[in-house]
$ cat start.cif   # mmCIF, C-alpha atoms and all ligand atoms
data_data
#
loop_
_atom_site.label_atom_id
_atom_site.label_comp_id
_atom_site.auth_asym_id
_atom_site.auth_seq_id
_atom_site.Cartn_x
_atom_site.Cartn_y
_atom_site.Cartn_z
CA MET A 1 67.75 135.08 181.21
CA SER A 2 65.08 133.13 179.33
CA LEU A 3 62.21 133.85 176.97
CA GLN A 4 58.83 133.29 178.63
CA SER A 5 56.85 133.98 175.48
CA LEU A 6 57.49 134.91 171.89
CA THR A 7 55.28 136.50 169.24
CA VAL A 8 56.40 136.45 165.60
CA ARG A 9 54.63 138.21 162.76
CA ASP A 10 55.51 138.12 159.04
CA PHE A 11 58.97 136.67 159.53
CA ARG A 12 60.05 134.29 156.68
CA ASN A 13 57.14 131.88 156.18
CA ILE A 14 55.68 132.53 159.65
CA GLU A 15 52.63 134.75 159.28
CA SER A 16 51.76 134.74 162.94
CA ALA A 17 52.89 132.69 165.94
CA GLN A 18 52.41 133.15 169.63
CA LEU A 19 54.30 130.74 171.87
CA ALA A 20 54.51 130.14 175.61
CA LEU A 21 58.00 128.75 176.19
CA SER A 22 59.78 126.40 178.54
CA PRO A 23 62.71 127.84 180.53
CA GLY A 24 64.38 124.48 179.74
CA LEU A 25 64.11 122.74 176.40
CA ASN A 26 61.91 123.88 173.49
CA VAL A 27 61.77 121.34 170.69
CA LEU A 28 60.65 122.40 167.21
CA LEU A 29 59.73 119.49 164.97
CA GLY A 30 58.69 119.68 161.32
CA ASP A 31 59.41 118.62 157.76
CA ASN A 32 62.01 120.25 155.53
CA GLY A 33 61.06 123.83 154.72
CA SER A 34 58.35 124.01 157.39
CA GLY A 35 59.79 127.04 159.25
CA LYS A 36 61.82 125.59 162.15
CA THR A 37 65.03 127.48 161.36
CA SER A 38 62.96 130.61 160.71
CA LEU A 39 61.83 130.57 164.32
CA LEU A 40 65.43 130.30 165.58
CA GLU A 41 66.37 133.05 163.15
CA ALA A 42 63.62 135.27 164.62
CA ILE A 43 65.05 134.78 168.14
CA HIS A 44 68.55 135.49 166.80
CA TYR A 45 67.24 138.69 165.19
CA LEU A 46 65.70 139.77 168.46
CA GLY A 47 68.98 139.19 170.31
CA LEU A 48 71.47 140.57 167.79
CA GLY A 49 69.48 142.69 165.37
CA ARG A 50 70.54 140.51 162.45
CA SER A 51 70.01 137.13 160.86
CA PHE A 52 72.58 134.31 160.71
CA ARG A 53 71.49 133.57 157.13
CA THR A 54 71.34 136.93 155.34
CA HIS A 55 72.41 140.56 155.67
CA LEU A 56 69.28 141.78 153.89
CA THR A 57 66.29 142.60 156.09
CA GLY A 58 64.01 142.32 153.05
CA ARG A 59 64.81 138.60 152.78
CA VAL A 60 63.42 137.78 156.22
CA ILE A 61 60.19 139.78 155.86
CA ARG A 62 57.40 137.46 154.73
CA GLN A 63 56.97 137.77 150.98
CA GLY A 64 54.29 140.33 150.09
CA GLU A 65 54.58 142.13 153.47
CA LYS A 66 56.30 145.43 154.31
CA GLN A 67 57.67 144.64 157.78
CA PHE A 68 58.15 141.97 160.40
CA THR A 69 57.38 142.25 164.10
CA LEU A 70 58.91 140.30 166.99
CA PHE A 71 57.92 140.56 170.60
CA ALA A 72 59.16 138.64 173.62
CA ARG A 73 58.70 138.61 177.34
CA LEU A 74 61.95 137.80 179.15
CA ALA A 75 62.27 136.43 182.64
CA ALA A 76 64.71 138.59 184.59
CA GLY A 77 64.98 137.24 188.14
CA ASP A 78 61.58 137.73 189.76
CA ASP A 79 60.72 140.35 187.16
CA SER A 80 60.00 140.27 183.47
CA LEU A 81 60.99 142.54 180.60
CA ALA A 82 59.20 143.23 177.32
CA VAL A 83 61.36 143.41 174.21
CA GLY A 84 59.95 144.31 170.80
CA MET A 85 61.36 144.83 167.33
CA GLN A 86 59.85 145.99 164.07
CA LYS A 87 61.81 146.23 160.82
CA LEU A 88 61.05 147.51 157.34
CA LYS A 89 62.66 146.26 154.11
CA GLY A 90 65.37 148.94 154.06
CA GLY A 91 66.46 147.92 157.58
CA GLU A 92 64.89 150.93 159.33
CA GLY A 93 62.70 150.12 162.30
CA ASP A 94 62.20 150.35 165.98
CA ILE A 95 63.51 148.42 168.99
CA ARG A 96 61.73 148.75 172.31
CA ILE A 97 62.67 147.56 175.76
CA ASN A 98 59.82 147.91 178.26
CA GLY A 99 58.14 150.39 175.93
CA GLN A 100 61.22 152.65 175.63
CA SER A 101 63.11 153.02 172.36
CA ALA A 102 66.51 151.30 172.63
CA GLU A 103 69.44 153.44 171.51
CA ARG A 104 71.88 150.65 170.76
CA LEU A 105 71.70 147.06 169.58
CA ALA A 106 74.18 146.20 172.32
CA GLN A 107 71.33 146.69 174.82
CA LEU A 108 69.53 143.76 173.21
CA ALA A 109 72.68 141.64 173.06
CA GLU A 110 73.16 142.23 176.78
CA LEU A 111 69.60 141.14 177.57
CA LEU A 112 69.58 138.12 175.28
CA PRO A 113 72.96 136.36 175.29
CA LEU A 114 72.66 133.72 172.55
CA GLN A 115 74.81 130.80 171.46
CA LEU A 116 73.96 129.40 168.03
CA ILE A 117 74.92 125.85 166.99
CA HIS A 118 73.97 125.09 163.39
CA PRO A 119 75.15 122.88 160.51
CA GLU A 120 77.17 125.62 158.77
CA GLY A 121 78.73 126.62 162.08
CA TYR A 122 82.02 124.93 161.16
CA ASN A 123 82.78 128.13 159.17
CA LEU A 124 83.98 129.35 162.54
CA LEU A 125 87.02 127.11 161.96
CA THR A 126 87.33 127.07 158.18
CA GLY A 127 86.48 130.75 157.51
CA GLY A 128 88.51 133.92 158.11
CA PRO A 129 89.67 135.32 161.47
CA GLN A 130 86.69 137.69 161.63
CA GLN A 131 84.43 134.84 162.78
CA ARG A 132 86.80 133.64 165.49
CA ARG A 133 87.21 137.25 166.64
CA ALA A 134 83.43 137.53 166.86
CA TYR A 135 83.37 134.30 168.90
CA LEU A 136 86.01 135.60 171.28
CA ASP A 137 84.47 139.07 171.53
CA TRP A 138 81.04 137.64 172.37
CA GLY A 139 82.58 136.31 175.56
CA VAL A 140 84.66 139.38 176.37
CA PHE A 141 81.64 141.64 175.76
CA HIS A 142 79.51 139.69 178.22
CA VAL A 143 82.03 139.38 181.03
CA GLU A 144 83.95 142.65 180.75
CA HIS A 145 81.94 145.89 180.65
CA ALA A 146 84.94 147.96 179.59
CA PHE A 147 85.20 146.01 176.33
CA PHE A 148 82.37 147.53 174.28
CA PRO A 149 83.28 151.25 174.67
CA LEU A 150 86.98 150.41 174.22
CA TRP A 151 86.32 148.52 171.00
CA GLY A 152 84.23 151.50 169.77
CA GLN A 153 87.18 153.85 170.41
CA VAL A 154 89.63 151.50 168.66
CA ARG A 155 87.35 151.25 165.63
CA ARG A 156 87.09 155.05 165.40
CA LEU A 157 90.87 155.41 165.65
CA LEU A 158 91.40 152.85 162.92
CA LYS A 159 88.96 154.67 160.66
CA GLN A 160 90.83 157.94 161.19
CA ARG A 161 94.22 156.29 160.66
CA ASN A 162 93.05 154.64 157.43
CA ALA A 163 91.66 157.96 156.13
CA LEU A 164 95.01 159.65 156.92
CA LEU A 165 96.94 156.83 155.23
CA ARG A 166 95.10 157.61 152.00
CA GLN A 167 95.56 161.39 152.32
CA SER A 168 99.06 161.78 153.70
CA GLY A 169 102.38 161.08 151.97
CA GLN A 170 104.35 161.42 155.25
CA TYR A 171 104.29 159.42 158.47
CA GLY A 172 104.32 162.55 160.72
CA PRO A 173 100.55 163.20 160.89
CA LEU A 174 99.93 159.56 161.87
CA GLN A 175 102.21 159.53 164.89
CA PHE A 176 99.62 160.80 167.38
CA TRP A 177 96.96 158.35 166.13
CA ASP A 178 99.39 155.44 166.32
CA GLN A 179 100.25 156.17 169.92
CA GLU A 180 96.55 156.20 170.82
CA LEU A 181 95.77 153.12 168.73
CA SER A 182 98.64 151.28 170.31
CA ARG A 183 97.66 152.28 173.87
CA LEU A 184 94.00 151.31 173.48
CA GLY A 185 94.78 148.32 171.26
CA GLU A 186 97.00 146.86 173.97
CA GLN A 187 94.28 147.38 176.58
CA LEU A 188 91.73 145.66 174.35
CA SER A 189 94.10 142.83 173.67
CA ALA A 190 94.74 142.33 177.40
CA LEU A 191 90.97 141.91 177.94
CA ARG A 192 90.81 139.32 175.17
CA GLN A 193 93.85 137.48 176.53
CA THR A 194 92.43 137.38 180.07
CA TYR A 195 89.13 136.02 178.77
CA CYS A 196 90.91 133.42 176.66
CA ASP A 197 93.03 132.25 179.58
CA ALA A 198 89.93 131.84 181.72
CA LEU A 199 87.89 130.04 179.04
CA LEU A 200 90.61 127.65 177.87
CA PRO A 201 90.46 124.99 180.62
CA LEU A 202 86.72 124.49 180.08
CA LEU A 203 87.15 124.55 176.32
CA GLN A 204 89.90 121.92 176.53
CA GLU A 205 87.68 119.78 178.77
CA LEU A 206 84.74 119.91 176.35
CA ALA A 207 86.91 119.42 173.28
CA ALA A 208 88.39 116.29 174.91
CA GLU A 209 84.84 115.02 175.49
CA PHE A 210 83.67 115.58 171.92
CA LEU A 211 86.97 114.80 170.15
CA PRO A 212 88.81 112.43 172.54
CA GLU A 213 91.17 111.25 169.82
CA TYR A 214 92.94 114.63 169.49
CA GLN A 215 95.10 116.91 171.61
CA LEU A 216 93.98 120.46 171.01
CA GLN A 217 96.22 123.54 171.11
CA ILE A 218 94.48 126.91 171.19
CA GLY A 219 96.43 130.15 171.02
CA PHE A 220 95.34 133.77 171.03
CA TYR A 221 96.99 136.00 168.41
CA PRO A 222 96.48 139.67 169.33
CA GLY A 223 96.83 140.96 165.75
CA TRP A 224 100.56 141.73 165.86
CA ASP A 225 103.82 140.22 167.17
CA ARG A 226 103.24 140.38 170.93
CA ASN A 227 106.99 140.65 171.59
CA ARG A 228 107.08 144.12 170.04
CA PRO A 229 105.16 147.30 171.00
CA LEU A 230 102.34 147.89 168.50
CA VAL A 231 103.34 151.54 168.11
CA GLU A 232 106.74 150.52 166.67
CA LEU A 233 105.23 148.03 164.27
CA LEU A 234 102.71 150.61 163.04
CA ALA A 235 105.51 153.06 162.31
CA GLU A 236 107.55 150.36 160.52
CA GLY A 237 104.57 149.28 158.46
CA PHE A 238 103.62 152.78 157.26
CA GLU A 239 104.74 152.34 153.62
CA ARG A 240 103.01 148.95 153.35
CA ASP A 241 99.81 150.24 154.95
CA LYS A 242 99.82 153.29 152.64
CA LEU A 243 100.11 151.00 149.65
CA MET A 244 97.30 148.76 150.86
CA GLY A 245 95.13 151.72 151.91
CA HIS A 246 94.46 150.33 155.38
CA THR A 247 96.16 149.21 158.59
CA GLN A 248 97.57 145.68 158.42
CA LEU A 249 98.39 145.12 162.09
CA GLY A 250 96.37 145.79 165.24
CA PRO A 251 93.56 144.44 167.42
CA HIS A 252 91.23 144.33 164.38
CA LYS A 253 93.39 141.42 163.10
CA ALA A 254 93.20 139.30 166.27
CA ASP A 255 92.53 135.59 165.87
CA LEU A 256 92.22 132.31 167.72
CA ARG A 257 94.66 129.77 166.27
CA ILE A 258 93.42 126.26 166.82
CA LYS A 259 95.43 123.12 166.15
CA ALA A 260 94.76 119.42 166.72
CA ASN A 261 97.85 117.27 167.30
CA GLY A 262 99.93 120.22 166.08
CA VAL A 263 98.08 120.65 162.75
CA PRO A 264 95.62 123.51 162.00
CA VAL A 265 92.18 121.95 162.56
CA GLN A 266 90.85 122.98 159.16
CA ASP A 267 93.63 120.91 157.52
CA LEU A 268 93.13 117.81 159.65
CA LEU A 269 89.60 117.28 160.94
CA SER A 270 86.68 115.90 158.95
CA ARG A 271 83.63 118.10 158.48
CA GLY A 272 81.80 116.11 161.17
CA GLN A 273 84.72 116.54 163.58
CA LEU A 274 84.86 120.28 162.85
CA LYS A 275 81.17 120.47 163.73
CA LEU A 276 81.83 118.61 167.00
CA LEU A 277 84.63 121.01 167.86
CA VAL A 278 82.43 124.03 167.16
CA CYS A 279 79.72 122.47 169.32
CA ALA A 280 82.29 122.07 172.14
CA MET A 281 83.41 125.69 171.66
CA ARG A 282 79.87 127.06 171.83
CA LEU A 283 78.97 124.91 174.83
CA ALA A 284 82.16 125.93 176.62
CA GLN A 285 81.45 129.59 176.03
CA GLY A 286 77.84 129.22 177.20
CA LEU A 287 78.82 127.27 180.31
CA PHE A 288 81.58 129.73 181.13
CA PHE A 289 79.16 132.65 180.72
CA ASN A 290 76.69 130.99 183.09
CA GLN A 291 79.40 130.31 185.69
CA ALA A 292 81.10 133.69 185.45
CA GLY A 293 78.15 136.06 185.44
CA GLY A 294 75.46 134.18 187.36
CA ARG A 295 73.22 134.70 184.32
CA ARG A 296 72.14 132.15 181.73
CA CYS A 297 72.70 132.29 178.01
CA ILE A 298 70.18 130.82 175.55
CA PHE A 299 71.19 128.06 173.11
CA LEU A 300 69.75 127.93 169.60
CA ILE A 301 70.54 124.51 168.10
CA ASP A 302 69.51 124.03 164.50
CA ASP A 303 69.20 120.56 163.04
CA PHE A 304 72.30 119.35 164.85
CA ALA A 305 71.39 116.37 167.01
CA SER A 306 70.79 114.25 163.90
CA GLU A 307 74.48 114.72 162.97
CA LEU A 308 75.73 113.24 166.25
CA ASP A 309 76.22 109.61 167.21
CA GLY A 310 74.44 108.29 170.31
CA ASP A 311 77.36 108.92 172.67
CA LYS A 312 77.84 112.55 171.55
CA ARG A 313 74.10 113.17 171.73
CA ARG A 314 74.07 111.99 175.35
CA ARG A 315 77.05 114.21 176.15
CA LEU A 316 75.33 117.20 174.55
CA ALA A 317 72.16 116.47 176.56
CA GLN A 318 74.14 116.19 179.82
CA ARG A 319 76.11 119.36 179.20
CA LEU A 320 72.95 121.29 178.35
CA LYS A 321 71.38 120.00 181.54
CA GLN A 322 74.44 121.16 183.47
CA CYS A 323 74.13 124.62 181.85
CA ALA A 324 70.53 124.98 183.06
CA SER A 325 70.09 127.26 180.07
CA GLN A 326 67.03 127.70 177.92
CA VAL A 327 67.46 125.69 174.73
CA PHE A 328 65.66 125.85 171.37
CA ILE A 329 66.37 122.86 169.20
CA THR A 330 65.01 121.87 165.79
CA ALA A 331 64.74 118.43 164.22
CA ILE A 332 62.74 116.64 161.57
CA ASP A 333 61.59 113.98 164.01
CA GLU A 334 61.79 113.25 167.69
CA ALA A 335 64.09 110.20 167.65
CA PRO A 336 67.50 111.95 167.87
CA LEU A 337 66.24 114.14 170.70
CA ALA A 338 65.01 111.35 172.99
CA ASP A 339 68.01 111.70 175.39
CA MET A 340 67.63 115.42 175.61
CA MET A 341 63.88 115.26 176.13
CA SER A 342 64.29 112.80 178.97
CA GLU A 343 67.01 114.94 180.63
CA LEU A 344 65.34 118.36 180.45
CA ALA A 345 61.92 119.92 181.17
CA CYS A 346 60.49 120.27 177.73
CA ARG A 347 57.85 121.88 175.52
CA LEU A 348 57.30 120.40 172.10
CA PHE A 349 56.13 122.37 169.04
CA HIS A 350 55.13 121.14 165.64
CA VAL A 351 55.90 123.38 162.68
CA LYS A 352 53.96 122.99 159.44
CA GLN A 353 54.07 125.50 156.58
CA GLY A 354 54.88 128.33 158.97
CA THR A 355 52.16 127.43 161.48
CA ILE A 356 53.40 126.44 164.94
CA THR A 357 51.29 124.35 167.30
CA GLU A 358 52.21 122.95 170.67
CA TYR A 359 52.04 119.24 171.46
CA PRO A 360 51.07 118.48 175.03
CA THR A 361 54.03 117.37 177.17
CA ARG A 362 54.29 116.80 180.92
CA GLU A 363 55.55 120.37 181.36
CA SER A 364 52.86 122.11 179.26
CA GLU A 365 50.15 120.08 181.03
CA ARG A 366 51.57 120.99 184.43
CA VAL A 367 51.61 124.71 183.51
CA ARG A 368 48.04 124.50 182.15
CA ASP A 369 46.79 122.77 185.33
CA GLU A 370 48.35 125.39 187.63
N1 LIG A 401 60.77 135.95 153.07
C1 LIG A 401 60.10 134.80 153.01
N2 LIG A 401 58.74 134.80 152.92
C2 LIG A 401 58.05 133.63 152.88
N3 LIG A 401 58.63 132.42 152.92
C3 LIG A 401 59.97 132.37 153.00
C4 LIG A 401 60.78 133.55 153.05
N4 LIG A 401 62.07 133.18 153.14
C5 LIG A 401 62.08 131.84 153.12
N5 LIG A 401 60.83 131.34 153.05
C6 LIG A 401 60.41 129.94 153.06
O1 LIG A 401 60.29 129.56 154.42
C7 LIG A 401 60.33 128.15 154.51
C8 LIG A 401 60.92 127.76 155.83
O2 LIG A 401 62.34 127.73 155.80
P1 LIG A 401 63.18 127.18 157.05
O3 LIG A 401 64.60 127.32 156.67
O4 LIG A 401 62.71 127.84 158.29
O5 LIG A 401 62.75 125.65 157.08
P2 LIG A 401 63.18 124.47 158.07
O6 LIG A 401 61.93 123.97 158.70
O7 LIG A 401 64.29 124.87 158.95
O8 LIG A 401 63.67 123.41 156.99
P3 LIG A 401 64.89 122.35 156.92
O9 LIG A 401 64.55 121.22 157.86
O10 LIG A 401 64.83 121.93 155.50
O11 LIG A 401 66.15 123.06 157.28
C9 LIG A 401 61.04 127.67 153.25
O12 LIG A 401 60.13 126.91 152.50
C10 LIG A 401 61.40 128.94 152.52
O13 LIG A 401 61.26 128.84 151.14
#

$ encode --input "start.cif" --output "structure tokens"
Amino acid sequence: MSLQSLTVRDFRNIESAQLALSPGLNVLLGDNGSGKTSLLEAIHYLGLGRSFRTHLTGRVIRQGEKQFTLFARLAAGDDSLAVGMQKLKGGEGDIRINGQSAERLAQLAELLPLQLIHPEGYNLLTGGPQQRRAYLDWGVFHVEHAFFPLWGQVRRLLKQRNALLRQSGQYGPLQFWDQELSRLGEQLSALRQTYCDALLPLLQELAAEFLPEYQLQIGFYPGWDRNRPLVELLAEGFERDKLMGHTQLGPHKADLRIKANGVPVQDLLSRGQLKLLVCAMRLAQGLFFNQAGGRRCIFLIDDFASELDGDKRRRLAQRLKQCASQVFITAIDEAPLADMMSELACRLFHVKQGTITEYPTRESERVRDE
């Protein structure tokens, strides 16, 4: 899947932009504060229905305006699809796929599989388990169709169990819910484990390329002691859960535990090394997605190449070439992207105070001449 064109209206400092895009590399160059990240954020919004910088829709609507509008044409095999989104300050709005209202955000996520690499991305390793769960679940969602409805059921069961915990003094009324939660939680966990097992070799390979000085150990924690049935642990933990007001063990507590040379990475690696590891993790997941499903994910890379040394930049360029994915990358100037631009078919855009103009490149000239 790739974006053929993108229209952005009243998003951050972008009043209006209409771009014809490369299925390979799209480079966005501009000074600090010009609007480069805003464009990536707009694509992220279109794919996931949310920003990676704020939870408030009002913040991304251009100041003084009531709503933003995004529209894209996606290449889907020999066909193309039209995807549109409009959002008001309170978050209400409309999502359309080929003119029809979309019922669920997951429909967008399925159409636009995105991998984001950005400077704060190392939170994936230093932050709480929620982020690593989201990383893992992105992959499971895209390769295993049973995952999304199953996760929905588990979430509903947890909500009911937590409500009962607050109402009920006795364990009895929870027994039925715990059996269900345990049954579905174990199914969900098996999907995550299978995905992890399949992803790990590629992840190890990429991590060794970007951090050759370390031996990485990556383990999947399902959210409870895997040697015991979840149903037993839920019953044992009733008093503690009642006290806390919510369920302390289960698939909603799953995590990826990542160590380098036996030490948790957040306690050992430098910030730059953490960023390299996250880059390897995102690339591995994107590559694996492309290999497993025969589809292509889209990479959004914000201001990252300037943080890499020459060798790592070349590796990133080669891996992106191998992915054959569409890539959007921002930078202040062209120099750190030279390797990438020579490896991949490329369109180059200049961003200035929210206005985006295309620089002629070999690819844009070829398309214009055709
Ligand atoms: N809702 C909004 N309406 C109008 N302008 C906004 C809004 N939100 C942010 N901005 C402005 O948009 C500009 C673009 O920000 P953006 O983060 O896209 O810049 P950038 O080109 O990625 O910069 P840098 O290289 O410094 O990261 C900033 O000057 C910011 O103040």

$ residues_near_point --input "start.cif" --point "(89.8, 123.0, 176.5)" --cutoff "10 Å" --atoms "only C-alpha atoms" --output "number ranges by chain"
A: 199-209, 215-218, 280-281, 284

$ closest_residue --input "start.cif" --among "A:Val263, A:Leu181, A:Cys346, A:Ala82" --to "A:Asn26" --atoms "all atoms listed in the file"
A:Cys346

$ atom_distance --input "start.cif" --atom1 "atom CA of A:Thr54" --atom2 "atom CA of A:Thr7"
21.2 Å

$ atom_distance --input "start.cif" --atom1 "atom CA of A:Leu157" --atom2 "atom CA of A:Glu144"
20.9 Å

$ axis_aligned_box --input "start.cif" --around "ligand LIG 401 (chain A)" --padding-each-side "6 Å" --output "JSON"
{"center_x": 62.1, "center_y": 128.6, "center_z": 155.0, "size_x": 20.1, "size_y": 26.7, "size_z": 19.8}

$ residues_near_ligand --input "start.cif" --ligand "ligand LIG 401 (chain A)" --cutoff "10 Å" --atoms "only C-alpha atoms and all ligand atoms" --output "PyMOL selection string"
chain A and resi 10-15+28-42+53+57-65+68+119+302-303+330-333+351-354

$ closest_residue --input "start.cif" --among "A:Phe52, A:Phe141, A:Tyr45, A:Phe299" --to "A:Leu70" --atoms "only C-alpha atoms"
A:Tyr45

$ residues_around --input "start.cif" --residues "A:Leu112" --least-positions-apart "5" --cutoff "12 Å" --atoms "all atoms listed in the file" --output "short mmCIF file (atom, residue, chain, number, x, y, z; two decimals) with C-alpha atoms, in the frame of the given file"
data_model
loop_
_atom_site.label_atom_id
_atom_site.label_comp_id
_atom_site.auth_asym_id
_atom_site.auth_seq_id
_atom_site.Cartn_x
_atom_site.Cartn_y
_atom_site.Cartn_z
CA MET A 1 67.75 135.08 181.21
CA SER A 2 65.08 133.13 179.33
CA LEU A 3 62.21 133.85 176.97
CA ILE A 43 65.05 134.78 168.14
CA HIS A 44 68.55 135.49 166.80
CA TYR A 45 67.24 138.69 165.19
CA LEU A 46 65.70 139.77 168.46
CA GLY A 47 68.98 139.19 170.31
CA LEU A 48 71.47 140.57 167.79
CA GLY A 49 69.48 142.69 165.37
CA ALA A 72 59.16 138.64 173.62
CA ARG A 73 58.70 138.61 177.34
CA LEU A 74 61.95 137.80 179.15
CA ALA A 75 62.27 136.43 182.64
CA ALA A 76 64.71 138.59 184.59
CA LEU A 81 60.99 142.54 180.60
CA ALA A 82 59.20 143.23 177.32
CA VAL A 83 61.36 143.41 174.21
CA ILE A 97 62.67 147.56 175.76
CA LEU A 105 71.70 147.06 169.58
CA ALA A 106 74.18 146.20 172.32
CA GLN A 107 71.33 146.69 174.82
CA TRP A 138 81.04 137.64 172.37
CA HIS A 142 79.51 139.69 178.22
CA ARG A 295 73.22 134.70 184.32
CA ARG A 296 72.14 132.15 181.73
CA CYS A 297 72.70 132.29 178.01
CA ILE A 298 70.18 130.82 175.55
CA PHE A 299 71.19 128.06 173.11
CA LEU A 300 69.75 127.93 169.60
CA SER A 325 70.09 127.26 180.07
CA GLN A 326 67.03 127.70 177.92
#

$ atom_distance --input "start.cif" --atom1 "atom CA of A:Ala17" --atom2 "atom CA of A:Ala305"
24.7 Å

$ residues_near_point --input "start.cif" --point "(58.2, 146.6, 165.1)" --cutoff "8 Å" --atoms "all atoms listed in the file" --output "PDB file with C-alpha atoms, in the frame of the given file"
ATOM      1  CA  GLN A  67      57.670 144.640 157.780  1.00  0.00           C
ATOM      2  CA  PHE A  68      58.150 141.970 160.400  1.00  0.00           C
ATOM      3  CA  THR A  69      57.380 142.250 164.100  1.00  0.00           C
ATOM      4  CA  LEU A  70      58.910 140.300 166.990  1.00  0.00           C
ATOM      5  CA  GLY A  84      59.950 144.310 170.800  1.00  0.00           C
ATOM      6  CA  MET A  85      61.360 144.830 167.330  1.00  0.00           C
ATOM      7  CA  GLN A  86      59.850 145.990 164.070  1.00  0.00           C
ATOM      8  CA  LYS A  87      61.810 146.230 160.820  1.00  0.00           C
ATOM      9  CA  GLY A  93      62.700 150.120 162.300  1.00  0.00           C
ATOM     10  CA  ASP A  94      62.200 150.350 165.980  1.00  0.00           C
ATOM     11  CA  ILE A  95      63.510 148.420 168.990  1.00  0.00           C
TER      12      ILE A  95
END

$ closest_residue --input "start.cif" --among "A:Leu276, A:Glu334, A:Lys89, A:Phe238" --to "A:Gly172" --atoms "all atoms listed in the file"
A:Phe238

$ closest_residue --input "start.cif" --among "A:Gly272, A:Gly169, A:Gly294, A:Gly219" --to "A:Arg132" --atoms "all atoms listed in the file"
A:Gly219

$ closest_residue --input "start.cif" --among "A:Ile329, A:Leu25, A:Ala317, A:Ile301" --to "A:Ile117" --atoms "all atoms listed in the file"
A:Ile301

$ residues_around --input "start.cif" --residues "A:Leu184" --least-positions-apart "5" --cutoff "10 Å" --atoms "only C-alpha atoms" --output "mmCIF file with C-alpha atoms, in the coordinates of the input"
data_model
loop_
_atom_site.group_PDB
_atom_site.id
_atom_site.type_symbol
_atom_site.label_atom_id
_atom_site.label_comp_id
_atom_site.auth_asym_id
_atom_site.auth_seq_id
_atom_site.Cartn_x
_atom_site.Cartn_y
_atom_site.Cartn_z
ATOM 1 C CA LEU A 150 86.980 150.410 174.220
ATOM 2 C CA TRP A 151 86.320 148.520 171.000
ATOM 3 C CA GLN A 153 87.180 153.850 170.410
ATOM 4 C CA VAL A 154 89.630 151.500 168.660
ATOM 5 C CA LEU A 157 90.870 155.410 165.650
ATOM 6 C CA ASP A 178 99.390 155.440 166.320
ATOM 7 C CA GLN A 179 100.250 156.170 169.920
ATOM 8 C CA SER A 189 94.100 142.830 173.670
ATOM 9 C CA ALA A 190 94.740 142.330 177.400
ATOM 10 C CA PRO A 251 93.560 144.440 167.420
#

$ closest_residue --input "start.cif" --among "A:Lys275, A:His252, A:Arg319, A:Arg155" --to "A:Phe288" --atoms "all atoms listed in the file"
A:Arg319

$ residues_around --input "start.cif" --residues "A:Glu343" --least-positions-apart "5" --cutoff "12 Å" --atoms "only C-alpha atoms" --output "PyMOL selection string"
chain A and resi 24-25+313-322+324+337-338

$ build_atoms --input "start.cif" --residues "stretch 270-281 of chain A" --atoms "N, CA and C atoms" --output "tab-separated table (two decimals), in the coordinates of the input"
chain	number	residue	atom	x	y	z
A	270	SER	N	87.77	116.08	159.92
A	270	SER	CA	86.68	115.90	158.95
A	270	SER	C	85.62	116.96	159.22
A	271	ARG	N	84.70	117.11	158.29
A	271	ARG	CA	83.63	118.10	158.48
A	271	ARG	C	82.83	117.80	159.76
A	272	GLY	N	82.55	116.50	159.97
A	272	GLY	CA	81.80	116.11	161.17
A	272	GLY	C	82.58	116.45	162.44
A	273	GLN	N	83.90	116.22	162.39
A	273	GLN	CA	84.72	116.54	163.58
A	273	GLN	C	84.81	118.05	163.81
A	274	LEU	N	84.86	118.81	162.70
A	274	LEU	CA	84.86	120.28	162.85
A	274	LEU	C	83.57	120.73	163.52
A	275	LYS	N	82.46	120.10	163.13
A	275	LYS	CA	81.17	120.47	163.73
A	275	LYS	C	81.16	120.13	165.23
A	276	LEU	N	81.77	118.99	165.58
A	276	LEU	CA	81.83	118.61	167.00
A	276	LEU	C	82.67	119.62	167.79
A	277	LEU	N	83.77	120.05	167.17
A	277	LEU	CA	84.63	121.01	167.86
A	277	LEU	C	83.90	122.34	168.06
A	278	VAL	N	83.17	122.77	167.02
A	278	VAL	CA	82.43	124.03	167.16
A	278	VAL	C	81.36	123.88	168.25
A	279	CYS	N	80.72	122.72	168.29
A	279	CYS	CA	79.72	122.47	169.32
A	279	CYS	C	80.37	122.59	170.71
A	280	ALA	N	81.56	122.00	170.85
A	280	ALA	CA	82.29	122.07	172.14
A	280	ALA	C	82.64	123.53	172.46
A	281	MET	N	83.04	124.29	171.43
A	281	MET	CA	83.41	125.69	171.66
A	281	MET	C	82.22	126.51	172.11
